[in-house]
Number of protein chains: 6
Amino acid sequence: MGSMRMCVLALAALCVAVTPAAAQAPAQKPDVPVEKWAGKTILFIGAHADDDALSHGTLAMLQAHGNQVYILTLTTGNVGTQDPRLSRLQLADIRRQEELAALKDLGIPADHYINLGYDDGMLEFEDRKAVVENLVYWIRKLRPDVLFAWDPGKVYQRWHKADHRAAAYLAADAARAAMWRLLFEGQISQQGLKEFTIPEYMFYNDYDFQDENLWVGIGDFVEQRVNAGSHYTSQNGPGWNNYNPNPSEDEMKAMRALVRKTIRTREGKPVEGFRYYRGLPDGIGK
Amino acid sequence: MGSMRMCVLALAALCVAVTPAAAQAPAQKPDVPVEKWAGKTILFIGAHADDDALSHGTLAMLQAHGNQVYILTLTTGNVGTQDPRLSRLQLADIRRQEELAALKDLGIPADHYINLGYDDGMLEFEDRKAVVENLVYWIRKLRPDVLFAWDPGKVYQRWHKADHRAAAYLAADAARAAMWRLLFEGQISQQGLKEFTIPEYMFYNDYDFQDENLWVGIGDFVEQRVNAGSHYTSQNGPGWNNYNPNPSEDEMKAMRALVRKTIRTREGKPVEGFRYYRGLPDGIGK
Amino acid sequence: MGSMRMCVLALAALCVAVTPAAAQAPAQKPDVPVEKWAGKTILFIGAHADDDALSHGTLAMLQAHGNQVYILTLTTGNVGTQDPRLSRLQLADIRRQEELAALKDLGIPADHYINLGYDDGMLEFEDRKAVVENLVYWIRKLRPDVLFAWDPGKVYQRWHKADHRAAAYLAADAARAAMWRLLFEGQISQQGLKEFTIPEYMFYNDYDFQDENLWVGIGDFVEQRVNAGSHYTSQNGPGWNNYNPNPSEDEMKAMRALVRKTIRTREGKPVEGFRYYRGLPDGIGK
Amino acid sequence: MGSMRMCVLALAALCVAVTPAAAQAPAQKPDVPVEKWAGKTILFIGAHADDDALSHGTLAMLQAHGNQVYILTLTTGNVGTQDPRLSRLQLADIRRQEELAALKDLGIPADHYINLGYDDGMLEFEDRKAVVENLVYWIRKLRPDVLFAWDPGKVYQRWHKADHRAAAYLAADAARAAMWRLLFEGQISQQGLKEFTIPEYMFYNDYDFQDENLWVGIGDFVEQRVNAGSHYTSQNGPGWNNYNPNPSEDEMKAMRALVRKTIRTREGKPVEGFRYYRGLPDGIGK
Amino acid sequence: MGSMRMCVLALAALCVAVTPAAAQAPAQKPDVPVEKWAGKTILFIGAHADDDALSHGTLAMLQAHGNQVYILTLTTGNVGTQDPRLSRLQLADIRRQEELAALKDLGIPADHYINLGYDDGMLEFEDRKAVVENLVYWIRKLRPDVLFAWDPGKVYQRWHKADHRAAAYLAADAARAAMWRLLFEGQISQQGLKEFTIPEYMFYNDYDFQDENLWVGIGDFVEQRVNAGSHYTSQNGPGWNNYNPNPSEDEMKAMRALVRKTIRTREGKPVEGFRYYRGLPDGIGK
Amino acid sequence: MGSMRMCVLALAALCVAVTPAAAQAPAQKPDVPVEKWAGKTILFIGAHADDDALSHGTLAMLQAHGNQVYILTLTTGNVGTQDPRLSRLQLADIRRQEELAALKDLGIPADHYINLGYDDGMLEFEDRKAVVENLVYWIRKLRPDVLFAWDPGKVYQRWHKADHRAAAYLAADAARAAMWRLLFEGQISQQGLKEFTIPEYMFYNDYDFQDENLWVGIGDFVEQRVNAGSHYTSQNGPGWNNYNPNPSEDEMKAMRALVRKTIRTREGKPVEGFRYYRGLPDGIGK
């Protein structure tokens, strides 16, 4: 694991005779367009139930096209409310139900939802090695063809709020660690797993989309995204301050309208944007 | 605490139909110009006594205009000397006296100075959860309308030397944590505090001012800044190598001249620059 | 250790009357061109044996010109293989022999190779204070005129994969800590060392060379770099998957060709690029 | 802080010519019987509200006799219930009210109750240095003549369940640290505190009373203990499984009967037992 | 979770009118003799494959009598060899095979063997909260009627070598934590588990058997223990220095003889001794 | 590294047919009396300069008899003073000079004094793995035949004040770790060291000598001990409160008298007592 190998193996063409002005790698593209992916295993890592919301169109499309989508959420989301009546456990239960309802709308089966159970808002303070070890376990177990994760940054480390920051870096570190059979080797000798190298990555952000290089058309999946996103009533709309377990039809309509507004367009068409990367996990930031 | 809520609630306008080229949020501005602020509680968080020096004009102005300015310093500054005769405790005492003298010149009362007592140069190695908890305590106790802090970065994580890096990120993390009643809940159930959301932020830097979006005119407070800054004789001028507790009048004149040179101008007028941010603490880096 | 001193002492000219557009410091240059350096002590800090490979031309030149070059590697590199037959200890031994062979080709004596013995891939999880303390020890002991290290970033924190990220930041933090006699003072009172301030820095990267400001012509040392780099057969070429302790002459020829391709050129001449910095370690990111 | 000083200064008589069989120090006794103490400041450190319950008779007596008793509880007790309806915050509130009601019965003012707000059941996992620093703060602030704490053990380390284990050792470590002006020196240089050496100790246990050497007669304070202890209805009796905020008079009678049964006797008289120690905190285990 | 409840609920009889001389609880005994246990779920927690060896007779008996025995081993045992040819992974594989062979001889199915995969010799340095969380997971999942674990000590903390020390205390701490639904609540809200209180404990030691209070007659299971124990050839006999994957029949005979010698007797009969405890996990050390 | 091997290999005789009453191992004795040891390498590990004071007679004897004695002190002792004028660095310097003066009187060369430079009073809070790694380094480098260390306890964990507690357990853990070539393997692959098993141990205490099983007659070395011990003037006598770098002859006489009183006798003869242990480090507590 050193510098020269990366250059020799992965970027050889790039390394020759570059001048500083041209040193940045050309934007990467998948060999097969995302819209044509099939038969792939997809792992989405987020910090909270609803971190997947901005990618719901893409995830619905992938699941519909015969891929297996897994959603791994690091925390229970048991803190994020301004409703003074909710307890941690109540909120954790609510958010789980919201997520399962959303996944159902996306066509993703409930047993594809993995929640590691960490406390919301505290991920940054957990033992990083232990969290990485848990993520490596799931990467080696599911062996995803594609990882969706918060973008740890291109060239420079991206700023995220604390939980997202942890989720971004720990996912990248786990992708790296998973490929070495001599790391977390107890998983290999004792738990029937094998090392695994994730080949493709879709990094997502919730602001400043300058590093994006891939826009997935979600025209056929807008309604699924709208329906799925409307379940997060504890996090959006009036429920954030005053949670209502049984929203009225009008409230749900308002929720759907809110979600619909979050959909970005590009040349008039609804899209979801990502920073796509293909290659060894060591080069995720390149 | 997830991604979609941020988009839905806070940035809804921005999220619609953005194209990558326009994805960055427009520079934010305070509703009321800083020069007209009154009746606000201001909390300044720094790593060392004198981290406030580059903002002294603004702080003096705010205090003069009927705001309450509090200076919270994380470390005692007990390491930063090249004078071979000074011990840690001596230096800590000197720096406290320097800071109190500076605050006096700014009109800030001595009991508005809060020093958390960490060792200089070691903040990066303290338990981060414990430091954040201490900062959350003070945020919930003082309930500031505005937080001044080292800039953790816009979009990308800013580079700072170790103590400043810790101060920048831990302040941002504490601002985030303070708003949730289910985090550090012992402060709420046992210590009479309530959760609190800081609404406005003024981030400062000591180099590369590209991210600044707000310049405060300090014309009427230049002399206060010069006088206040001239007290840091253990950190600037000859005292860094050879501390003199009783500098001569000439030496103080030289100190004042040094401080005067640090004042930046903009269109010929003395200013202090900041990255202003208003919104939920989760979006500090946006 | 505060903000104002940095501005007053080191950047006074810069701090006066800057406007945001011009706020970035001008690219720094060494007083004496690197090609003329002599009699200097050079410390190279990397995470893995072969992190020095992209600087081999410069290092060979410096050693040839009468400087003393020391290579400090933090980890044993005992994880980075895809050959299923190699154990940690075998790989650590192989990588040590590869590095010593490379250094021999560069003219750097074997006893200038310092390996701190951490486990490959786990540096990010080691106690950071303990690693910094070890690096401070070597900085104070060798008292280098120049430090080569992974670039921690200019203005923004650079993204590196986990071990390189740790190596970049811990090296910068150690350079900072080494200068204060009141930090890690046991080294001073008990182990015969003195505080030391490294005056010059050469930061290296393996991708995105936009922050570089210095290109060292390595024309006379290309062959040494090619020969040295060809020893890393466990990391490049077929040995990564299938290590061969006795490569054939053809295989070595292929290795040399691979290395030769990694050499960058500028205006047709072979160069190695760096971000050069001179000044107090606190300003490394400026 | 070494071994010989302890022997020379504190135990000189003991160290001379001891034979192994007689090497254990004679049981210590206070110069003035506890029953006659007056004008002392007493600090009680426990892990949970109700850890003081087994010492309530003694604490009531001390407060009645003109001593100032402070109760410092490390955790909020927000976990210890088998009632499936209670949340963390509800339980923390309940336990605070129970403790304040108990203290009122003992004559101890509400502002003598200090709760550090840590999560119940997790104290063992908090950063130990940070907890010790907080305890040192309170020791230096209150400057107690006597410390009551869970017994860390005589000669051998005592077994306690996790929170009590942490409370026992951290209290002992804090008593030790508080006496050195060069430890946690930020409290001294910045927060107006001075180092302080606690001279006397009363260690308590909830089982195996073999190490006790002091029994305090609580005959006149039995009723206060019974009344005080009866408030802990969330922890004892039916409330542990099914908390009732408004217990009936019969239920309270049953609670009082339960508490009464916990009172130990010695030679027919109600007592509370302790391991008393006087001397430097370094010798607490001797 | 405080002191008084323990006394009131669990030890009320004991707490009344005790005198110090009689303060120690009477030796506990199971209601039903171990030899008659059936239908129970048994969880054995150890640090290394073969920590169960000294209890093999009892475990074989329990499995034969219709109980379900699970063996949870914390580490892979990948360090404990003096054979200079073995690597970590080879040793981990060998030890797993040895353990599975032993369990087969005991009648325990292979899928009752759970190995958490930690590195041998390093358990003491793992994040304790993360290890406890993992153990709590398994306790809540298997819901054992009886826990076998290294004895953390009676009244005083027992000395064990580093891994065993960690295993003893972390098992006790996990038993405690598992019973509270408000601890590690993510397991409950997200992973389908429920809090669980282990009612009975069998603590084992490998030296100084003074604290034992229960001896299980293993007369009918001696041969199973001898056969099972003879598989640990990498840890005993010549294999410790010179591992032989295919020991001769003579070598196996010698192994069996070695194991036979480790069997203790009491009144002429083969036994295995334990410290039995029944009650709340908080009182494990009582 | 498991339980059965220990029993089979090291304690086989003991394990057979023991009854609980006889389960404790017989007191161990060295094959050759300590008074006749020669040609051995002796490593003494303590937390503070002067932790060796109670063993000075034995150490002087061993050095005089042709053994090589090394004193390794973990901390600089830079906190232990009640003299309000001394700084950390001054005290560290003083204590180093005191120790070197003492060692000179014992005949131990100055370069046999190794100080790891940790801060006094903070050892308990250092990263334990890093400290153990440092101790393993010195054990593997010096390869001692005998280790002197604070007694971690026999059967039960001994109580020591914080630094001594850390020193006792970390020394025992380091002795254990040093013997495994697969632990801290970077020292072996990169730093020219080999695994090493310390065969004999002399554990010392400063109180409660019940566990001692070996008394070394120091009749011929009493004066050396008295002279050596008299140098610790910053820790004993008036210097603890009021350090005098140039004590008068009378003051030194008083110091010598103080030290003389600390010498224990047995059957009228001056002795130093130890708990002697021989065997694998895993059994240190047995």
# chains A, B, ... in the order shown; residues from 1 in each chain; ligands from 1
call {"tool": "residues_around", "arguments": {"residues": "Leu43 (chain E)", "least_positions_apart": "2", "cutoff": "7 Å", "atoms": "only C-alpha atoms", "output": "list in words"}}
result
Thr41, Ile45, Val69, Tyr70, Ile71, Pro144, Val146, Leu147 and Phe148 of chain E
call {"tool": "residues_around", "arguments": {"residues": "region 108-113 of chain E", "least_positions_apart": "4", "cutoff": "8 Å", "atoms": "only C-alpha atoms", "output": "ChimeraX atom specification"}}
result
/E:60,63,69-73,100,103-104
call {"tool": "write_last_selection", "arguments": {"atoms": "all heavy atoms", "output": "compact mmCIF listing (two decimals), in the first residue's frame"}}
result
# COMPACT_ATOMS: atom_id res chain seq x y z
N ALA E 60 -19.72 -30.97 28.22
CA ALA E 60 -20.17 -32.20 27.56
C ALA E 60 -21.41 -32.75 28.24
O ALA E 60 -22.38 -33.17 27.59
CB ALA E 60 -19.03 -33.24 27.58
N GLN E 63 -24.49 -30.56 27.42
CA GLN E 63 -24.98 -30.79 26.06
C GLN E 63 -25.67 -32.17 25.98
O GLN E 63 -26.74 -32.30 25.38
CB GLN E 63 -23.81 -30.71 25.07
CG GLN E 63 -24.20 -30.80 23.61
CD GLN E 63 -24.92 -29.54 23.10
OE1 GLN E 63 -24.78 -28.47 23.67
NE2 GLN E 63 -25.72 -29.69 22.05
N VAL E 69 -25.46 -25.69 24.39
CA VAL E 69 -24.23 -25.02 24.81
C VAL E 69 -23.65 -24.23 23.64
O VAL E 69 -23.46 -24.78 22.55
CB VAL E 69 -23.19 -26.05 25.31
CG1 VAL E 69 -21.88 -25.36 25.66
CG2 VAL E 69 -23.74 -26.82 26.49
N TYR E 70 -23.39 -22.94 23.89
CA TYR E 70 -22.73 -22.07 22.90
C TYR E 70 -21.38 -21.63 23.45
O TYR E 70 -21.27 -21.25 24.62
CB TYR E 70 -23.58 -20.84 22.61
CG TYR E 70 -24.86 -21.15 21.88
CD1 TYR E 70 -26.01 -21.51 22.59
CD2 TYR E 70 -24.92 -21.12 20.50
CE1 TYR E 70 -27.18 -21.83 21.93
CE2 TYR E 70 -26.10 -21.43 19.83
CZ TYR E 70 -27.23 -21.78 20.55
OH TYR E 70 -28.38 -22.09 19.89
N ILE E 71 -20.38 -21.69 22.60
CA ILE E 71 -19.02 -21.26 22.99
C ILE E 71 -18.71 -19.98 22.23
O ILE E 71 -18.63 -20.00 21.00
CB ILE E 71 -17.98 -22.34 22.65
CG1 ILE E 71 -18.38 -23.70 23.24
CG2 ILE E 71 -16.59 -21.91 23.10
CD1 ILE E 71 -18.33 -23.78 24.72
N LEU E 72 -18.54 -18.90 22.96
CA LEU E 72 -18.16 -17.63 22.33
C LEU E 72 -16.73 -17.32 22.72
O LEU E 72 -16.40 -17.17 23.91
CB LEU E 72 -19.10 -16.51 22.78
CG LEU E 72 -18.89 -15.16 22.10
CD1 LEU E 72 -20.19 -14.36 22.13
CD2 LEU E 72 -17.77 -14.35 22.71
N THR E 73 -15.87 -17.20 21.71
CA THR E 73 -14.46 -16.90 21.94
C THR E 73 -14.17 -15.53 21.37
O THR E 73 -14.53 -15.24 20.24
CB THR E 73 -13.59 -17.97 21.26
OG1 THR E 73 -13.95 -19.25 21.78
CG2 THR E 73 -12.12 -17.72 21.51
N LEU E 100 -13.07 -26.70 16.85
CA LEU E 100 -14.21 -27.41 16.28
C LEU E 100 -14.09 -28.92 16.51
O LEU E 100 -15.10 -29.60 16.78
CB LEU E 100 -14.34 -27.08 14.79
CG LEU E 100 -14.75 -25.64 14.50
CD1 LEU E 100 -14.75 -25.37 12.99
CD2 LEU E 100 -16.13 -25.32 15.09
N LEU E 103 -15.05 -29.45 20.14
CA LEU E 103 -16.50 -29.33 20.34
C LEU E 103 -17.22 -30.56 19.80
O LEU E 103 -18.19 -31.04 20.39
CB LEU E 103 -17.03 -28.05 19.68
CG LEU E 103 -16.51 -26.75 20.28
CD1 LEU E 103 -17.20 -25.55 19.63
CD2 LEU E 103 -16.69 -26.70 21.79
N LYS E 104 -16.73 -31.07 18.69
CA LYS E 104 -17.35 -32.27 18.12
C LYS E 104 -17.29 -33.42 19.13
O LYS E 104 -18.28 -34.13 19.36
CB LYS E 104 -16.64 -32.65 16.82
CG LYS E 104 -17.38 -33.67 15.99
CD LYS E 104 -16.71 -33.86 14.65
CE LYS E 104 -17.46 -34.87 13.80
NZ LYS E 104 -16.69 -35.21 12.58
call {"tool": "closest_atom_pairs", "arguments": {"of": "chain E", "to": "chain A", "cutoff": "8 Å", "atoms": "only C-alpha atoms", "output": "tab-separated table"}}
result
residue	atom	partner	partner_atom	distance
E:Thr75	CA	A:Gly186	CA	7.9
E:Thr76	CA	A:Gly186	CA	6.2
E:Leu89	CA	A:Ser189	CA	7.0
E:Ala92	CA	A:Ser189	CA	6.4
E:Asp93	CA	A:Ser189	CA	5.9
E:Arg96	CA	A:Gln190	CA	7.2
E:Asn115	CA	A:Gln190	CA	6.1
E:Leu116	CA	A:Gly186	CA	7.4
E:Gly117	CA	A:Gly186	CA	3.9
E:Tyr118	CA	A:Gly186	CA	6.3
E:Asp119	CA	A:Gly186	CA	7.3
E:Asp127	CA	A:Asp127	CA	6.6
E:Ala130	CA	A:Ala130	CA	6.5
E:Phe184	CA	A:Gly117	CA	7.8
E:Glu185	CA	A:Leu89	CA	7.3
E:Gly186	CA	A:Gly117	CA	3.9
E:Gln187	CA	A:Gly117	CA	6.0
E:Ser189	CA	A:Asp93	CA	5.9
E:Gln190	CA	A:Asn115	CA	6.0
E:Gln191	CA	A:Asn115	CA	7.3
call {"tool": "select_by_dssp", "arguments": {"residues": "region 41-279 of chain A", "states": "alpha helix (DSSP H)", "output": "PyMOL selection string"}}
result
chain A and resi 56-64+88-106+128-142+162-178+185-190+222-229+249-261
call {"tool": "select_by_dssp", "arguments": {"residues": "region 66-254 of chain F", "states": "strand (DSSP E or B)", "output": "number ranges by chain"}}
result
F: 68-75, 113-118, 146-150, 156, 158, 200-204, 214-217
call {"tool": "closest_residue", "arguments": {"among": "A:Tyr207, A:Trp180, A:Phe274, A:Phe125", "to": "Asp163 (chain A)", "atoms": "only C-alpha atoms"}}
result
A:Phe125
call {"tool": "residues_around", "arguments": {"residues": "Val136 (chain A)", "least_positions_apart": "3", "cutoff": "7 Å", "atoms": "only C-alpha atoms", "output": "ChimeraX atom specification"}}
result
/A:132-133,139-140,174-175,177-178
call {"tool": "closest_residue", "arguments": {"among": "D:Leu86, D:Val155, D:Met202, D:Val216", "to": "Gly285 (chain D)", "atoms": "only C-alpha atoms"}}
result
D:Val155
call {"tool": "residues_around", "arguments": {"residues": "Lys253 (chain D)", "least_positions_apart": "4", "cutoff": "12 Å", "atoms": "only C-alpha atoms", "output": "PyMOL selection string"}}
result
chain D and resi 226-227+229-231+233+237+247-249+257-260
call {"tool": "atom_distance", "arguments": {"atom1": "CA of Glu98 (chain E)", "atom2": "CA of Thr265 (chain E)"}}
result
25.9 Å
call {"tool": "residues_around", "arguments": {"residues": "His56 (chain E)", "least_positions_apart": "6", "cutoff": "9 Å", "atoms": "only C-alpha atoms", "output": "VMD selection string"}}
result
chain E and resid 102 to 103 106 221 to 222 224 to 226 228 to 229 272
